[in-house]
Structures are given as C-alpha cells and as structure tokens.
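Trainee: Handing you this structure, nothing more for now.
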Amino acid sequence: MIISPNTLKWVMRFYPPLFFQRIWVQRFENEFRSCTVKLSKSFLNKNYNGSIFGGTIYAATDPFYALLFDQLMQRRGFKVRVWLKSASIQYLKPGRSTLYFTITVTDDMLNEAEHALKTIGKFVKAYPMEITNKNGELCATVMNEVYIRNLHQGETPRVAY
C-alpha cells in the first residue's frame, strides 16, 4: 500500500515494538529517500550497565530499509514484497545517551534494485547504517540485507518466499 511519509511516520511512532523501546521516527524525507530515527534512553530500554539495551539498538534498525524500498518501488509501479533478510551489528561504544541514525536510498541503489527486479525478479543486497550519540560519536554499525521480490500477476499477496 502506498502511504504518505507523514502517515507512516506516525504509524511507526506508535507501533508497539518501537514505541515501548523509545524508538522514535523523526522524519521521512524526499518522498521516502531518507529516514531519521532517534533512540531515547529510558528505564524501559536501559540495561544493568546504564546504557541502551543492545536489542533496542538492533530493533531500531530493523524495519527502515525495507520500508523505504517498499514505498519507493511501489511509486515506480512495482508490486513487491520487501523485508530484511539478515542483519549484523557491531557495538562500538555504549549508548549512554540518546542515539540517532539516518539512512538514505540513493538513485544508484534504486536503479540497481529496479534493474534486478526487471531481469531476475528479485534483489538482495546489504546496506550499512551508523548509529551515533548526541555528540556525533559512533556507537554501533549495522549491516542490513534487504530482500525485494517482484510479485507477478495473480500471485496471492500472503505467499512467503
């Protein structure tokens, strides 16, 4: 379903798995070309060392590449199924304060995905993310592998690949 950036921002803000971990979508920009997310430290996501629980950081990065690619490919006329195929994270520094990340989908990324969808029907590629604290210090790096499948006419939408 094609949705407006503002509507999706508010849906994601109150989506329980993100809301209760204090993961807050700040904005979707340029018609889903970019997304900025804030992870606020609170008693709900603080570990025994006083930093943000690693699972919260990991969960924060999960949906956003898939959401961006889904909305962008639909706007290009594709009927697609998109999800995160795999992910890996490296914790570099404790998140003792609010954390932030921004991801951007470039023209090259979109064109590569579109070409693969038109020729082989699916696209799989890993993209990096950097999570920083309020001082701009790098706290974690993540690699998210996105899977996009071009759905063909007559396929039941609930089919998993």
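Numbering starts fresh at 1 for the residues of each chain in the structure tokens, the chains themselves are lettered A, B, ... in the order given, and ligands are numbered from 1 as they appear.
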Taking only residues of range 63-154 of chain A that have an atom at most 9 Å from an atom of range 28-47 of chain A, what is each one's shortest atom pair and its distance in Å to one decimal, using only C-alpha atoms, in chain and number order, as CSV?

Mentor:
residue,atom,partner,partner_atom,distance
A:Phe64,CA,A:Cys35,CA,7.4
A:Tyr65,CA,A:Cys35,CA,8.9
A:Leu67,CA,A:Phe32,CA,8.4
A:Leu68,CA,A:Phe32,CA,5.5
A:Phe69,CA,A:Phe32,CA,8.1
A:Gln71,CA,A:Phe32,CA,6.8
A:Leu72,CA,A:Phe32,CA,6.5
A:Gly95,CA,A:Lys41,CA,8.1
A:Arg96,CA,A:Lys41,CA,7.4
A:Ser97,CA,A:Lys41,CA,6.0
A:Thr98,CA,A:Ser40,CA,4.6
A:Leu99,CA,A:Leu39,CA,5.0
A:Tyr100,CA,A:Lys38,CA,4.6
A:Phe101,CA,A:Val37,CA,5.5
A:Thr102,CA,A:Thr36,CA,4.2
A:Ile103,CA,A:Cys35,CA,5.5
A:Thr104,CA,A:Ser34,CA,4.3
A:Val105,CA,A:Arg33,CA,5.1
A:Thr106,CA,A:Arg33,CA,7.0
A:Asp107,CA,A:Arg33,CA,8.9

Trainee: Using only C-alpha atoms, tabulate the residues of range 10-78 of chain A lying at most 10 Å from any atom of range 114-121 of chain A, each with its closest atom pair and that distance in Å to one decimal, by chain and increasing residue number, as a tab-separated table.

Mentor:
residue	atom	partner	partner_atom	distance
A:Met73	CA	A:Glu114	CA	7.6
A:Arg76	CA	A:Glu114	CA	8.7
A:Phe78	CA	A:Leu117	CA	8.7

Trainee: How would you write, as a ChimeraX atom specification, the set of residues in range 94-159 of chain A that DSSP gives as strand (DSSP E or B)?

Mentor: /A:99-104,122-133,138-150

Trainee: Set the distance at 9 Å and use only C-alpha atoms: which residues neighbour Ile57 in chain A once local chain neighbours fewer than 2 positions away are removed? I'd like the list as a ChimeraX atom specification.

Mentor: /A:23,39,52-55,59-61,95,99,131,140

Trainee: Provide the CA of Ile148 in chain A to CA of Val25 in chain A distance in Å, to one decimal place.

Mentor: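 One can read the CA of Ile148 in chain A to CA of Val25 in chain A distance as 22.8 Å.
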
Trainee: Write down as a PyMOL selection string the residues of range 5-118 of chain A whose backbone DSSP state falls under helix (DSSP H, G or I).

Mentor: chain A and resi 5-13+16-19+54-61+64-75+107-118

Trainee: Could you name the residues that touch Lys93 in chain A at 10 Å or less, counting only C-alpha atoms, but leaving out those on the same chain fewer than 5 positions away, as a ChimeraX atom specification?

Mentor: /A:51,132-133,137-140

Trainee: Next, dump the selected residues to file, keeping only N, CA, C and O atoms, as a PDB file, in the first residue's frame.

Mentor:
ATOM      1  N   SER A  51      23.376   1.767  30.025  1.00  0.00           N
ATOM      2  CA  SER A  51      23.343   2.187  28.621  1.00  0.00           C
ATOM      3  C   SER A  51      22.108   1.581  27.943  1.00  0.00           C
ATOM      4  O   SER A  51      21.422   0.747  28.516  1.00  0.00           O
ATOM      5  N   THR A 132      24.883   6.903  16.011  1.00  0.00           N
ATOM      6  CA  THR A 132      25.735   7.837  16.741  1.00  0.00           C
ATOM      7  C   THR A 132      25.008   8.383  17.968  1.00  0.00           C
ATOM      8  O   THR A 132      23.779   8.374  18.027  1.00  0.00           O
ATOM      9  N   ASN A 133      25.788   8.887  18.914  1.00  0.00           N
ATOM     10  CA  ASN A 133      25.184   9.532  20.079  1.00  0.00           C
ATOM     11  C   ASN A 133      24.974  11.012  19.797  1.00  0.00           C
ATOM     12  O   ASN A 133      25.253  11.486  18.688  1.00  0.00           O
ATOM     13  N   GLU A 137      29.423  10.777  18.121  1.00  0.00           N
ATOM     14  CA  GLU A 137      30.362   9.669  18.255  1.00  0.00           C
ATOM     15  C   GLU A 137      29.691   8.373  17.803  1.00  0.00           C
ATOM     16  O   GLU A 137      28.546   8.094  18.177  1.00  0.00           O
ATOM     17  N   LEU A 138      30.417   7.580  17.041  1.00  0.00           N
ATOM     18  CA  LEU A 138      29.899   6.321  16.521  1.00  0.00           C
ATOM     19  C   LEU A 138      29.770   5.295  17.647  1.00  0.00           C
ATOM     20  O   LEU A 138      30.747   4.978  18.323  1.00  0.00           O
ATOM     21  N   CYS A 139      28.553   4.777  17.842  1.00  0.00           N
ATOM     22  CA  CYS A 139      28.294   3.799  18.909  1.00  0.00           C
ATOM     23  C   CYS A 139      28.062   2.396  18.376  1.00  0.00           C
ATOM     24  O   CYS A 139      28.329   1.419  19.077  1.00  0.00           O
ATOM     25  N   ALA A 140      27.550   2.281  17.153  1.00  0.00           N
ATOM     26  CA  ALA A 140      27.298   0.959  16.576  1.00  0.00           C
ATOM     27  C   ALA A 140      27.240   1.077  15.056  1.00  0.00           C
ATOM     28  O   ALA A 140      26.885   2.129  14.516  1.00  0.00           O
TER      29      ALA A 140
END

Trainee: Hey, what's within 9 Å of range 85-92 of chain A if we count only C-alpha atoms and toss same-chain stuff fewer than 4 positions away? As a ChimeraX atom specification, please?

Mentor: /A:54,58,62,124,126,138-147

Trainee: Considering only C-alpha atoms, return as a ChimeraX atom specification whatever protein or nucleic-acid residues lie within 9 Å of Asn6 in chain A, sequence-local ones (same chain, fewer than 4 positions apart) excluded.

Mentor: /A:10-11,27-28

Trainee: If I take CA of Phe14 in chain A and CA of Thr56 in chain A, how far is one from the other in Å, to one decimal?

Mentor: 15.4 Å
